[in-house]
>>> print(open('start-v1.txt').read())   # compact mmCIF, N, CA and C atoms
# COMPACT_ATOMS: atom_id res chain seq x y z
N MET A 45 51.07 49.47 125.74
CA MET A 45 51.12 49.20 124.32
C MET A 45 49.71 49.13 123.74
N ILE A 46 48.79 48.54 124.50
CA ILE A 46 47.40 48.44 124.04
C ILE A 46 46.80 49.83 123.92
N LEU A 47 47.11 50.69 124.90
CA LEU A 47 46.61 52.07 124.84
C LEU A 47 47.19 52.80 123.63
N GLY A 48 48.45 52.56 123.32
CA GLY A 48 49.10 53.18 122.17
C GLY A 48 48.45 52.75 120.87
N ILE A 49 48.18 51.46 120.76
CA ILE A 49 47.53 50.93 119.53
C ILE A 49 46.11 51.50 119.40
N ALA A 50 45.39 51.55 120.52
CA ALA A 50 44.03 52.08 120.52
C ALA A 50 44.05 53.56 120.13
N PHE A 51 45.00 54.31 120.71
CA PHE A 51 45.12 55.74 120.39
C PHE A 51 45.42 55.91 118.91
N TYR A 52 46.34 55.11 118.38
CA TYR A 52 46.70 55.18 116.96
C TYR A 52 45.47 54.88 116.09
N ALA A 53 44.71 53.85 116.44
CA ALA A 53 43.53 53.47 115.66
C ALA A 53 42.50 54.59 115.65
N VAL A 54 42.29 55.21 116.81
CA VAL A 54 41.32 56.31 116.90
C VAL A 54 41.79 57.48 116.03
N GLN A 55 43.08 57.82 116.12
CA GLN A 55 43.62 58.93 115.33
C GLN A 55 43.54 58.63 113.83
N HIS A 56 43.82 57.39 113.46
CA HIS A 56 43.76 56.98 112.06
C HIS A 56 42.33 57.10 111.53
N ASN A 57 41.36 56.63 112.31
CA ASN A 57 39.95 56.73 111.90
C ASN A 57 39.52 58.18 111.79
N LYS A 58 39.97 59.01 112.73
CA LYS A 58 39.64 60.43 112.71
C LYS A 58 40.21 61.09 111.45
N GLN A 59 41.44 60.76 111.11
CA GLN A 59 42.08 61.32 109.92
C GLN A 59 41.34 60.90 108.65
N GLN A 60 40.97 59.62 108.58
CA GLN A 60 40.21 59.14 107.41
C GLN A 60 38.87 59.84 107.30
N SER A 61 38.22 60.07 108.44
CA SER A 61 36.94 60.75 108.44
C SER A 61 37.10 62.19 107.94
N ILE A 62 38.14 62.88 108.38
CA ILE A 62 38.40 64.24 107.93
C ILE A 62 38.66 64.28 106.43
N GLU A 63 39.47 63.34 105.95
CA GLU A 63 39.79 63.28 104.52
C GLU A 63 38.54 63.00 103.69
N ARG A 64 37.68 62.10 104.19
CA ARG A 64 36.43 61.79 103.49
C ARG A 64 35.54 63.03 103.42
N GLN A 65 35.45 63.76 104.52
CA GLN A 65 34.63 64.96 104.57
C GLN A 65 35.18 66.02 103.61
N GLN A 66 36.49 66.21 103.57
CA GLN A 66 37.09 67.17 102.65
C GLN A 66 36.85 66.78 101.20
N PHE A 67 36.93 65.48 100.92
CA PHE A 67 36.69 64.98 99.57
C PHE A 67 35.25 65.27 99.15
N LEU A 68 34.29 65.01 100.04
CA LEU A 68 32.88 65.27 99.74
C LEU A 68 32.61 66.76 99.54
N GLU A 69 33.24 67.60 100.36
CA GLU A 69 33.09 69.05 100.19
C GLU A 69 33.64 69.50 98.85
N LEU A 70 34.78 68.93 98.45
CA LEU A 70 35.38 69.27 97.17
C LEU A 70 34.47 68.85 96.02
N GLN A 71 33.88 67.66 96.13
CA GLN A 71 32.95 67.20 95.09
C GLN A 71 31.73 68.11 94.99
N GLU A 72 31.19 68.53 96.13
CA GLU A 72 30.04 69.43 96.14
C GLU A 72 30.40 70.77 95.50
N LYS A 73 31.59 71.25 95.80
CA LYS A 73 32.05 72.52 95.25
C LYS A 73 32.19 72.42 93.73
N ARG A 74 32.77 71.32 93.25
CA ARG A 74 32.91 71.11 91.81
C ARG A 74 31.56 71.02 91.13
N ALA A 75 30.62 70.29 91.74
CA ALA A 75 29.28 70.15 91.17
C ALA A 75 28.59 71.51 91.09
N ALA A 76 28.75 72.34 92.12
CA ALA A 76 28.15 73.68 92.11
C ALA A 76 28.78 74.54 91.02
N GLU A 77 30.09 74.45 90.85
CA GLU A 77 30.77 75.21 89.80
C GLU A 77 30.33 74.76 88.41
N GLU A 78 30.16 73.45 88.23
CA GLU A 78 29.70 72.94 86.93
C GLU A 78 28.28 73.41 86.64
N ALA A 79 27.42 73.38 87.65
CA ALA A 79 26.04 73.83 87.47
C ALA A 79 26.02 75.32 87.13
N LYS A 80 26.87 76.09 87.79
CA LYS A 80 26.95 77.53 87.53
C LYS A 80 27.44 77.78 86.10
N ALA A 81 28.43 77.01 85.65
CA ALA A 81 28.96 77.16 84.29
C ALA A 81 27.90 76.77 83.26
N LYS A 82 27.15 75.70 83.51
CA LYS A 82 26.09 75.29 82.58
C LYS A 82 25.00 76.35 82.49
N GLN A 83 24.64 76.93 83.64
CA GLN A 83 23.62 77.98 83.65
C GLN A 83 24.10 79.21 82.88
N ALA A 84 25.37 79.56 83.08
CA ALA A 84 25.93 80.71 82.35
C ALA A 84 25.93 80.44 80.85
N GLN A 85 26.24 79.21 80.45
CA GLN A 85 26.23 78.85 79.03
C GLN A 85 24.81 78.93 78.46
N LYS A 86 23.82 78.45 79.21
CA LYS A 86 22.43 78.52 78.76
C LYS A 86 21.98 79.98 78.59
N GLU A 87 22.39 80.83 79.55
CA GLU A 87 22.03 82.24 79.47
C GLU A 87 22.70 82.91 78.27
N TYR A 88 23.94 82.54 78.00
CA TYR A 88 24.65 83.10 76.85
C TYR A 88 23.96 82.69 75.55
N ILE A 89 23.61 81.41 75.45
CA ILE A 89 22.93 80.92 74.24
C ILE A 89 21.59 81.62 74.05
N ALA A 90 20.84 81.79 75.13
CA ALA A 90 19.55 82.49 75.03
C ALA A 90 19.76 83.93 74.56
N LYS A 91 20.78 84.59 75.09
CA LYS A 91 21.09 85.96 74.69
C LYS A 91 21.46 86.02 73.21
N ARG A 92 22.30 85.08 72.76
CA ARG A 92 22.73 85.06 71.35
C ARG A 92 21.55 84.75 70.43
N LYS A 93 20.64 83.87 70.84
CA LYS A 93 19.47 83.57 70.02
C LYS A 93 18.59 84.81 69.89
N GLY A 94 18.46 85.56 70.97
CA GLY A 94 17.69 86.81 70.94
C GLY A 94 18.34 87.82 70.01
N GLU A 95 19.65 87.94 70.09
CA GLU A 95 20.37 88.84 69.20
C GLU A 95 20.20 88.42 67.74
N CYS A 96 20.24 87.11 67.51
CA CYS A 96 20.08 86.59 66.15
C CYS A 96 18.69 86.93 65.62
N TYR A 97 17.69 86.78 66.45
CA TYR A 97 16.33 87.11 66.03
C TYR A 97 16.22 88.60 65.68
N ASN A 98 16.86 89.43 66.49
CA ASN A 98 16.84 90.87 66.22
C ASN A 98 17.55 91.20 64.90
N ILE A 99 18.66 90.52 64.63
CA ILE A 99 19.36 90.70 63.34
C ILE A 99 18.43 90.31 62.20
N TYR A 100 17.75 89.17 62.36
CA TYR A 100 16.80 88.69 61.35
C TYR A 100 15.72 89.74 61.09
N LEU A 101 15.14 90.29 62.15
CA LEU A 101 14.09 91.30 61.99
C LEU A 101 14.61 92.53 61.27
N GLN A 102 15.82 92.96 61.61
CA GLN A 102 16.41 94.13 60.96
C GLN A 102 16.67 93.86 59.48
N GLU A 103 17.21 92.68 59.18
CA GLU A 103 17.46 92.31 57.78
C GLU A 103 16.14 92.20 57.01
N LYS A 104 15.12 91.66 57.65
CA LYS A 104 13.81 91.52 57.00
C LYS A 104 13.21 92.89 56.70
N LYS A 105 13.48 93.85 57.58
CA LYS A 105 13.00 95.21 57.36
C LYS A 105 13.74 95.86 56.17
N ASN A 106 15.03 95.52 56.03
CA ASN A 106 15.86 96.15 54.99
C ASN A 106 15.79 95.45 53.63
N TRP A 107 15.51 94.15 53.62
CA TRP A 107 15.56 93.38 52.38
C TRP A 107 14.28 92.55 52.21
N SER A 108 13.79 92.48 51.00
CA SER A 108 12.54 91.75 50.73
C SER A 108 12.77 90.25 50.52
N ASN A 109 14.03 89.83 50.37
CA ASN A 109 14.28 88.42 50.08
C ASN A 109 14.71 87.60 51.30
N VAL A 110 14.58 88.15 52.50
CA VAL A 110 14.95 87.43 53.72
C VAL A 110 13.91 86.34 53.97
N LYS A 111 14.38 85.10 54.16
CA LYS A 111 13.47 83.97 54.29
C LYS A 111 13.48 83.29 55.66
N ASP A 112 14.64 83.23 56.31
CA ASP A 112 14.73 82.44 57.55
C ASP A 112 15.99 82.85 58.30
N PHE A 113 16.12 82.34 59.51
CA PHE A 113 17.34 82.55 60.28
C PHE A 113 17.54 81.35 61.21
N SER A 114 18.76 81.20 61.68
CA SER A 114 19.04 80.17 62.69
C SER A 114 20.29 80.58 63.45
N TYR A 115 20.41 80.07 64.66
CA TYR A 115 21.60 80.31 65.47
C TYR A 115 22.31 78.98 65.66
N SER A 116 23.58 78.93 65.34
CA SER A 116 24.38 77.72 65.50
C SER A 116 25.15 77.80 66.82
N GLU A 117 24.76 76.95 67.78
CA GLU A 117 25.46 76.92 69.06
C GLU A 117 26.89 76.42 68.89
N VAL A 118 27.09 75.48 67.99
CA VAL A 118 28.42 74.89 67.77
C VAL A 118 29.38 75.94 67.26
N ARG A 119 28.94 76.74 66.30
CA ARG A 119 29.82 77.74 65.68
C ARG A 119 29.64 79.13 66.29
N ASP A 120 28.63 79.31 67.14
CA ASP A 120 28.33 80.58 67.79
C ASP A 120 28.15 81.69 66.76
N ILE A 121 27.30 81.41 65.78
CA ILE A 121 27.01 82.41 64.75
C ILE A 121 25.51 82.44 64.45
N CYS A 122 25.10 83.57 63.94
CA CYS A 122 23.73 83.74 63.46
C CYS A 122 23.75 83.63 61.94
N LEU A 123 22.87 82.82 61.40
CA LEU A 123 22.75 82.67 59.95
C LEU A 123 21.41 83.23 59.51
N VAL A 124 21.46 84.18 58.61
CA VAL A 124 20.23 84.71 58.01
C VAL A 124 20.21 84.21 56.58
N LYS A 125 19.06 83.68 56.18
CA LYS A 125 18.93 83.10 54.84
C LYS A 125 18.09 84.00 53.95
N TYR A 126 18.56 84.11 52.71
CA TYR A 126 17.92 84.98 51.72
C TYR A 126 17.60 84.16 50.48
N LYS A 127 16.54 84.55 49.78
CA LYS A 127 16.20 83.93 48.49
C LYS A 127 17.15 84.49 47.44
N SER A 128 17.77 83.61 46.69
CA SER A 128 18.72 84.04 45.66
C SER A 128 18.00 84.45 44.40
N ASP A 129 18.57 85.42 43.71
CA ASP A 129 17.99 85.83 42.43
C ASP A 129 18.67 85.11 41.26
N LYS A 130 19.66 84.28 41.57
CA LYS A 130 20.33 83.49 40.53
C LYS A 130 19.46 82.28 40.18
N PRO A 131 19.64 81.72 38.99
CA PRO A 131 18.86 80.53 38.61
C PRO A 131 19.13 79.36 39.58
N ALA A 132 18.07 78.63 39.88
CA ALA A 132 18.19 77.50 40.80
C ALA A 132 19.00 76.39 40.17
N LYS A 133 19.76 75.67 41.01
CA LYS A 133 20.51 74.51 40.54
C LYS A 133 19.62 73.29 40.59
N SER A 134 19.99 72.29 39.81
CA SER A 134 19.20 71.05 39.81
C SER A 134 19.49 70.26 41.09
N GLU A 135 18.62 69.32 41.37
CA GLU A 135 18.80 68.47 42.55
C GLU A 135 20.10 67.68 42.44
N GLU A 136 20.45 67.28 41.22
CA GLU A 136 21.70 66.54 41.02
C GLU A 136 22.92 67.42 41.33
N GLU A 137 22.87 68.67 40.89
CA GLU A 137 23.98 69.59 41.17
C GLU A 137 24.13 69.82 42.67
N CYS A 138 23.02 69.99 43.34
CA CYS A 138 23.06 70.19 44.79
C CYS A 138 23.54 68.91 45.49
N GLY A 139 23.14 67.75 44.95
CA GLY A 139 23.52 66.47 45.54
C GLY A 139 25.02 66.23 45.55
N LYS A 140 25.74 66.85 44.63
CA LYS A 140 27.19 66.70 44.60
C LYS A 140 27.85 67.22 45.86
N MET A 141 27.17 68.15 46.55
CA MET A 141 27.73 68.73 47.78
C MET A 141 27.84 67.70 48.90
N ILE A 142 26.97 66.69 48.87
CA ILE A 142 26.94 65.74 49.98
C ILE A 142 27.37 64.33 49.58
N GLU A 143 28.00 64.19 48.43
CA GLU A 143 28.41 62.86 47.97
C GLU A 143 29.34 62.15 48.94
N ASN A 144 30.29 62.85 49.52
CA ASN A 144 31.28 62.21 50.39
C ASN A 144 31.06 62.54 51.87
N MET A 145 29.82 62.71 52.27
CA MET A 145 29.49 63.08 53.65
C MET A 145 29.96 62.03 54.65
N SER A 146 29.91 60.75 54.29
CA SER A 146 30.27 59.70 55.24
C SER A 146 31.75 59.75 55.62
N GLU A 147 32.57 60.37 54.79
CA GLU A 147 34.01 60.46 55.08
C GLU A 147 34.35 61.62 56.01
N ILE A 148 33.42 62.52 56.24
CA ILE A 148 33.69 63.71 57.05
C ILE A 148 33.50 63.37 58.52
N LYS A 149 34.53 63.65 59.31
CA LYS A 149 34.51 63.32 60.73
C LYS A 149 33.97 64.45 61.60
N SER A 150 34.13 65.68 61.17
CA SER A 150 33.75 66.84 61.98
C SER A 150 32.24 67.11 61.89
N ASP A 151 31.57 67.16 63.05
CA ASP A 151 30.14 67.47 63.08
C ASP A 151 29.88 68.88 62.57
N THR A 152 30.76 69.80 62.91
CA THR A 152 30.60 71.19 62.49
C THR A 152 30.66 71.29 60.96
N LEU A 153 31.64 70.64 60.37
CA LEU A 153 31.78 70.67 58.92
C LEU A 153 30.60 69.98 58.26
N ARG A 154 30.16 68.87 58.82
CA ARG A 154 29.02 68.14 58.28
C ARG A 154 27.77 69.02 58.31
N ASP A 155 27.56 69.74 59.42
CA ASP A 155 26.41 70.64 59.53
C ASP A 155 26.48 71.76 58.49
N MET A 156 27.68 72.29 58.28
CA MET A 156 27.84 73.36 57.29
C MET A 156 27.52 72.86 55.89
N ILE A 157 27.99 71.67 55.57
CA ILE A 157 27.74 71.10 54.24
C ILE A 157 26.24 70.84 54.05
N LEU A 158 25.59 70.28 55.06
CA LEU A 158 24.16 70.02 54.95
C LEU A 158 23.38 71.33 54.82
N ASP A 159 23.79 72.35 55.56
CA ASP A 159 23.13 73.64 55.46
C ASP A 159 23.26 74.20 54.04
N ASN A 160 24.45 74.10 53.49
CA ASN A 160 24.67 74.56 52.11
C ASN A 160 23.85 73.73 51.11
N TYR A 161 23.75 72.43 51.36
CA TYR A 161 22.96 71.55 50.49
C TYR A 161 21.49 71.98 50.48
N PHE A 162 20.93 72.19 51.68
CA PHE A 162 19.51 72.57 51.74
C PHE A 162 19.30 73.98 51.18
N ASN A 163 20.26 74.87 51.40
CA ASN A 163 20.18 76.20 50.78
C ASN A 163 20.17 76.06 49.26
N CYS A 164 20.98 75.17 48.75
CA CYS A 164 21.04 74.94 47.30
C CYS A 164 19.68 74.45 46.78
N LEU A 165 19.09 73.50 47.48
CA LEU A 165 17.78 72.97 47.05
C LEU A 165 16.70 74.05 47.05
N GLU A 166 16.74 74.93 48.04
CA GLU A 166 15.73 75.98 48.17
C GLU A 166 16.07 77.23 47.36
N ASN A 167 17.29 77.25 46.77
CA ASN A 167 17.80 78.41 46.05
C ASN A 167 17.94 79.61 47.00
N TRP A 168 18.51 79.33 48.15
CA TRP A 168 18.77 80.34 49.17
C TRP A 168 20.28 80.51 49.30
N PHE A 169 20.68 81.60 49.93
CA PHE A 169 22.06 81.76 50.37
C PHE A 169 22.04 82.31 51.79
N SER A 170 23.11 82.08 52.52
CA SER A 170 23.16 82.48 53.92
C SER A 170 24.24 83.54 54.13
N LYS A 171 24.01 84.36 55.11
CA LYS A 171 24.98 85.35 55.54
C LYS A 171 25.19 85.15 57.05
N GLU A 172 26.45 85.12 57.46
CA GLU A 172 26.77 84.88 58.87
C GLU A 172 26.94 86.20 59.61
N PHE A 173 26.40 86.25 60.82
CA PHE A 173 26.55 87.41 61.69
C PHE A 173 27.11 86.97 63.02
>>> encode(input="start-v1.txt", output="structure tokens")
Amino acid sequence: MILGIAFYAVQHNKQQSIERQQFLELQEKRAAEEAKAKQAQKEYIAKRKGECYNIYLQEKKNWSNVKDFSYSEVRDICLVKYKSDKPAKSEEECGKMIENMSEIKSDTLRDMILDNYFNCLENWFSKEF
């Protein structure tokens, strides 16, 4: 009976050790996959920023009113900004765009509103690519 209990204890410890090792291997595999996904995302963002810059250069070559550009990672779009030929709005008129900003929950929507607000102040307009 003592030999049986000892054999059972050894087998139980061996099984726990195997399970622990499999768990650690699984964690390492997940960490490697996450790192690979993060690297792929960084490479994609770098590629999109480069494409956005190229769009900006092309637009600047074609139009004299091109002022700036930016790439939005959240929305995955390129924004090229142009100087408007329409009369500028007053600071008060532009301020109406952000009156209820505290009520907006979405970061994406908040960023869009702020971008429009600053475009309004500068008398710019944006085009998405």
>>> atom_distance(input="start-v1.txt", atom1="CA of Lys125 (chain A)", atom2="CA of Trp168 (chain A)")
6.3 Å
>>> axis_aligned_box(input="start-v1.txt", around="region 92-110 of chain A", padding_each_side="4 Å", output="JSON")
{"center_x": 17.6, "center_y": 89.9, "center_z": 61.4, "size_x": 18.2, "size_y": 20.6, "size_z": 30.7}
>>> atom_distance(input="start-v1.txt", atom1="atom N of Ser108 (chain A)", atom2="atom N of Gly94 (chain A)")
21.6 Å
>>> select_by_dssp(input="start-v1.txt", residues="region 110-156 of chain A", states="strand (DSSP E)", output="PyMOL selection string")
chain A and resi 110-116+121-127
>>> residues_around(input="start-v1.txt", residues="Tyr161 (chain A)", least_positions_apart="2", cutoff="7 Å", atoms="all atoms listed in the file", output="list in words")
Cys138, Gly139, Met141, Ile142, Met156, Ile157, Leu158, Asp159, Asn163, Cys164, Leu165 and Glu166 of chain A
>>> write_last_selection(input="start-v1.txt", atoms="N, CA and C atoms", output="PDB file, in the coordinates of the input")
ATOM      1  N   CYS A 138      23.020  69.990  43.340  1.00  0.00           N
ATOM      2  CA  CYS A 138      23.060  70.190  44.790  1.00  0.00           C
ATOM      3  C   CYS A 138      23.540  68.910  45.490  1.00  0.00           C
ATOM      4  N   GLY A 139      23.140  67.750  44.950  1.00  0.00           N
ATOM      5  CA  GLY A 139      23.520  66.470  45.540  1.00  0.00           C
ATOM      6  C   GLY A 139      25.020  66.230  45.550  1.00  0.00           C
ATOM      7  N   MET A 141      27.170  68.150  46.550  1.00  0.00           N
ATOM      8  CA  MET A 141      27.730  68.730  47.780  1.00  0.00           C
ATOM      9  C   MET A 141      27.840  67.700  48.900  1.00  0.00           C
ATOM     10  N   ILE A 142      26.970  66.690  48.870  1.00  0.00           N
ATOM     11  CA  ILE A 142      26.940  65.740  49.980  1.00  0.00           C
ATOM     12  C   ILE A 142      27.370  64.330  49.580  1.00  0.00           C
ATOM     13  N   MET A 156      27.680  72.290  58.280  1.00  0.00           N
ATOM     14  CA  MET A 156      27.840  73.360  57.290  1.00  0.00           C
ATOM     15  C   MET A 156      27.520  72.860  55.890  1.00  0.00           C
ATOM     16  N   ILE A 157      27.990  71.670  55.570  1.00  0.00           N
ATOM     17  CA  ILE A 157      27.740  71.100  54.240  1.00  0.00           C
ATOM     18  C   ILE A 157      26.240  70.840  54.050  1.00  0.00           C
ATOM     19  N   LEU A 158      25.590  70.280  55.060  1.00  0.00           N
ATOM     20  CA  LEU A 158      24.160  70.020  54.950  1.00  0.00           C
ATOM     21  C   LEU A 158      23.380  71.330  54.820  1.00  0.00           C
ATOM     22  N   ASP A 159      23.790  72.350  55.560  1.00  0.00           N
ATOM     23  CA  ASP A 159      23.130  73.640  55.460  1.00  0.00           C
ATOM     24  C   ASP A 159      23.260  74.200  54.040  1.00  0.00           C
ATOM     25  N   ASN A 163      20.260  74.870  51.400  1.00  0.00           N
ATOM     26  CA  ASN A 163      20.180  76.200  50.780  1.00  0.00           C
ATOM     27  C   ASN A 163      20.170  76.060  49.260  1.00  0.00           C
ATOM     28  N   CYS A 164      20.980  75.170  48.750  1.00  0.00           N
ATOM     29  CA  CYS A 164      21.040  74.940  47.300  1.00  0.00           C
ATOM     30  C   CYS A 164      19.680  74.450  46.780  1.00  0.00           C
ATOM     31  N   LEU A 165      19.090  73.500  47.480  1.00  0.00           N
ATOM     32  CA  LEU A 165      17.780  72.970  47.050  1.00  0.00           C
ATOM     33  C   LEU A 165      16.700  74.050  47.050  1.00  0.00           C
ATOM     34  N   GLU A 166      16.740  74.930  48.040  1.00  0.00           N
ATOM     35  CA  GLU A 166      15.730  75.980  48.170  1.00  0.00           C
ATOM     36  C   GLU A 166      16.070  77.230  47.360  1.00  0.00           C
TER      37      GLU A 166
END
>>> residues_around(input="start-v1.txt", residues="region 83-93 of chain A", least_positions_apart="2", cutoff="8 Å", atoms="only N, CA and C atoms", output="PyMOL selection string")
chain A and resi 77-81+95-99+114-117+120-122
>>> write_last_selection(input="start-v1.txt", atoms="N, CA and C atoms", output="short mmCIF file (atom, residue, chain, number, x, y, z; two decimals), keeping the file's coordinate frame")
data_model
loop_
_atom_site.label_atom_id
_atom_site.label_comp_id
_atom_site.auth_asym_id
_atom_site.auth_seq_id
_atom_site.Cartn_x
_atom_site.Cartn_y
_atom_site.Cartn_z
N GLU A 77 30.09 74.45 90.85
CA GLU A 77 30.77 75.21 89.80
C GLU A 77 30.33 74.76 88.41
N GLU A 78 30.16 73.45 88.23
CA GLU A 78 29.70 72.94 86.93
C GLU A 78 28.28 73.41 86.64
N ALA A 79 27.42 73.38 87.65
CA ALA A 79 26.04 73.83 87.47
C ALA A 79 26.02 75.32 87.13
N LYS A 80 26.87 76.09 87.79
CA LYS A 80 26.95 77.53 87.53
C LYS A 80 27.44 77.78 86.10
N ALA A 81 28.43 77.01 85.65
CA ALA A 81 28.96 77.16 84.29
C ALA A 81 27.90 76.77 83.26
N GLU A 95 19.65 87.94 70.09
CA GLU A 95 20.37 88.84 69.20
C GLU A 95 20.20 88.42 67.74
N CYS A 96 20.24 87.11 67.51
CA CYS A 96 20.08 86.59 66.15
C CYS A 96 18.69 86.93 65.62
N TYR A 97 17.69 86.78 66.45
CA TYR A 97 16.33 87.11 66.03
C TYR A 97 16.22 88.60 65.68
N ASN A 98 16.86 89.43 66.49
CA ASN A 98 16.84 90.87 66.22
C ASN A 98 17.55 91.20 64.90
N ILE A 99 18.66 90.52 64.63
CA ILE A 99 19.36 90.70 63.34
C ILE A 99 18.43 90.31 62.20
N SER A 114 18.76 81.20 61.68
CA SER A 114 19.04 80.17 62.69
C SER A 114 20.29 80.58 63.45
N TYR A 115 20.41 80.07 64.66
CA TYR A 115 21.60 80.31 65.47
C TYR A 115 22.31 78.98 65.66
N SER A 116 23.58 78.93 65.34
CA SER A 116 24.38 77.72 65.50
C SER A 116 25.15 77.80 66.82
N GLU A 117 24.76 76.95 67.78
CA GLU A 117 25.46 76.92 69.06
C GLU A 117 26.89 76.42 68.89
N ASP A 120 28.63 79.31 67.14
CA ASP A 120 28.33 80.58 67.79
C ASP A 120 28.15 81.69 66.76
N ILE A 121 27.30 81.41 65.78
CA ILE A 121 27.01 82.41 64.75
C ILE A 121 25.51 82.44 64.45
N CYS A 122 25.10 83.57 63.94
CA CYS A 122 23.73 83.74 63.46
C CYS A 122 23.75 83.63 61.94
#
>>> atom_distance(input="start-v1.txt", atom1="CA of Leu153 (chain A)", atom2="CA of Ser170 (chain A)")
15.5 Å
>>> select_by_dssp(input="start-v1.txt", residues="chain A", states="helix (DSSP H, G or I)", output="number ranges by chain")
A: 46-106, 135-142, 145-147, 151-166
